[in-house]
2 protein chains.
Amino acid sequence: MSDSVFAHNERAPVGSRRPLREVLDALPFNRDGLIPAIAQQHDSREVLMLAWMNREAIEETLASGRVCYWSRSRRRLWRKGESSGQIQRLKEMRLDCDGDTLLLLVDQTGPACHTGRASCFYQTVRGDQVEVNSAPLIDPDELYRK
Amino acid sequence: MSDSVFAHNERAPVGSRRPLREVLDALPFNRDGLIPAIAQQHDSREVLMLAWMNREAIEETLASGRVCYWSRSRRRLWRKGESSGQIQRLKEMRLDCDGDTLLLLVDQTGPACHTGRASCFYQTVRGDQVEVNSAPLIDPDELYRK
């Protein structure tokens with residue numbers, strides 16, 4: 001039952017639709033009740049970050065249009081930008097084939113990363129070294145003083 | 001100790017480097033010994049899929065240049081494309097700020113998704129419905145007959 005929506009959609013033609021509620025009921029949340037969500041800037045297509053959502057975070061995000069995650073460290077809902085002001089507006093939410101990952105197309109205000117960098121993925125493997133590939137857009141001390 | 005590399009890099013200037021081995025030793029794998037890896041097509045910037053890697057999969061991928069994941073369902077290393085032929089060549093591997101997610105810039109041969117679609121993210125939320133947003137490039141029966 002739980003994967004029947006996704007099994008059905010594998011062979012479904014473009015444009016076919018299923019009720020959102022049925023899809024949310026079928027999501028295979030992990031043992032902590034969470035699912036990973038990738039945030040991608042909708043126009044530049046830069047991958048900004050990965051965070052986690054529970055069902056409540058998904059529903060709030062869809063209802064408000066502002067991205068809300070579940071903070072695993074703080075064990076509570078985390079409205080992205082609530083302390084830094086660097087919010088994410090949801091442009092589109094997509095689900096992968098087996099429903100165990102979300103892709104959020106967002107419009108990010110300022111940097112996505114708590115270090116002040118545009119993207120969290122600022123460390124690149126170069127041979128046997130890992131190199132810092134970008135600089136903060138805003139000093140993080142400044143970001144969290146606001 | 002385990003997060004000192006990442007704490008250090010938060011304030012490190014562009015171009016500064018740390019040994020790869022030190023970074024891999026500090027990766028906060030989950031309780032299953034895994035870390036999520038996002039695959040993004042390097043030129044179009046389309047997000048293709050999310051899968052999981054253990055340390056062995058990361059090291060094999062970096063050594064061979066061909067992406068190897070850990071299959072959670074089959075509980076073994078999964079050299080992407082081993083049955084379908086739709087392999088991923090690694091162009092660049094990046095790590096996020098706290099080292100708990102990888103971003104793989106890849107060159108994908110054919111469709112990334114087992115359904116034959118270019119990307120696994122082919123289901124889009126539209127109001128209170130979820131819509132199939134793309135068609136297979138190749139019939140999946142054809143894909144796995146090869």
# chains A, B, ... in the order shown; residues from 1 in each chain; ligands from 1
call {"tool": "interface_residues", "arguments": {"of": "chain A", "to": "chain B", "cutoff": "8 Å", "atoms": "only C-alpha atoms", "output": "ChimeraX atom specification"}}
result
/A:9-21,23,45-46,49-50,92-97,101-103,113,115,120-125,127-135
call {"tool": "select_by_dssp", "arguments": {"residues": "range 34-133 of chain A", "states": "strand (DSSP E)", "output": "ChimeraX atom specification"}}
result
/A:35-41,47-53,68-71,76-79,88-95,102-108,123-126,129-132
call {"tool": "select_by_dssp", "arguments": {"residues": "chain B", "states": "alpha helix (DSSP H)", "output": "ChimeraX atom specification"}}
result
/B:4-10,20-26,55-64,140-143
call {"tool": "residues_around", "arguments": {"residues": "Arg55 in chain A", "least_positions_apart": "3", "cutoff": "12 Å", "atoms": "only C-alpha atoms", "output": "PyMOL selection string"}}
result
chain A and resi 21+23-30+32-37+52+58-62+68-70+77+102
call {"tool": "write_last_selection", "arguments": {"atoms": "C-alpha atoms", "output": "compact mmCIF listing (two decimals), in the first residue's frame"}}
result
# COMPACT_ATOMS: atom_id res chain seq x y z
CA ARG A 21 -2.66 13.74 0.69
CA VAL A 23 1.23 10.90 -1.71
CA LEU A 24 2.14 12.38 1.69
CA ASP A 25 0.54 9.36 3.40
CA ALA A 26 2.80 7.10 1.34
CA LEU A 27 6.11 8.90 2.03
CA PRO A 28 8.66 6.48 3.48
CA PHE A 29 9.93 8.64 6.35
CA ASN A 30 13.00 7.20 8.09
CA ASP A 32 13.18 9.41 12.97
CA GLY A 33 10.14 10.44 10.91
CA LEU A 34 12.30 12.49 8.53
CA ILE A 35 13.04 12.74 4.82
CA PRO A 36 15.97 14.58 3.21
CA ALA A 37 15.21 17.76 1.25
CA TRP A 52 15.52 17.33 6.77
CA ILE A 58 6.40 19.67 4.56
CA GLU A 59 2.82 20.77 5.19
CA GLU A 60 3.84 24.10 6.70
CA THR A 61 6.19 24.79 3.78
CA LEU A 62 3.48 24.05 1.23
CA CYS A 68 10.52 25.13 7.06
CA TYR A 69 12.80 22.22 7.98
CA TRP A 70 13.15 19.99 11.03
CA LEU A 77 10.80 23.03 13.45
CA LEU A 102 12.41 15.97 -1.82
call {"tool": "closest_residue", "arguments": {"among": "A:Ala112, A:Val5, A:Ile87, A:Val106", "to": "Leu137 in chain A", "atoms": "only C-alpha atoms"}}
result
A:Ala112
call {"tool": "atom_distance", "arguments": {"atom1": "CA of Ala39 in chain B", "atom2": "CA of Ala57 in chain B"}}
result
14.0 Å
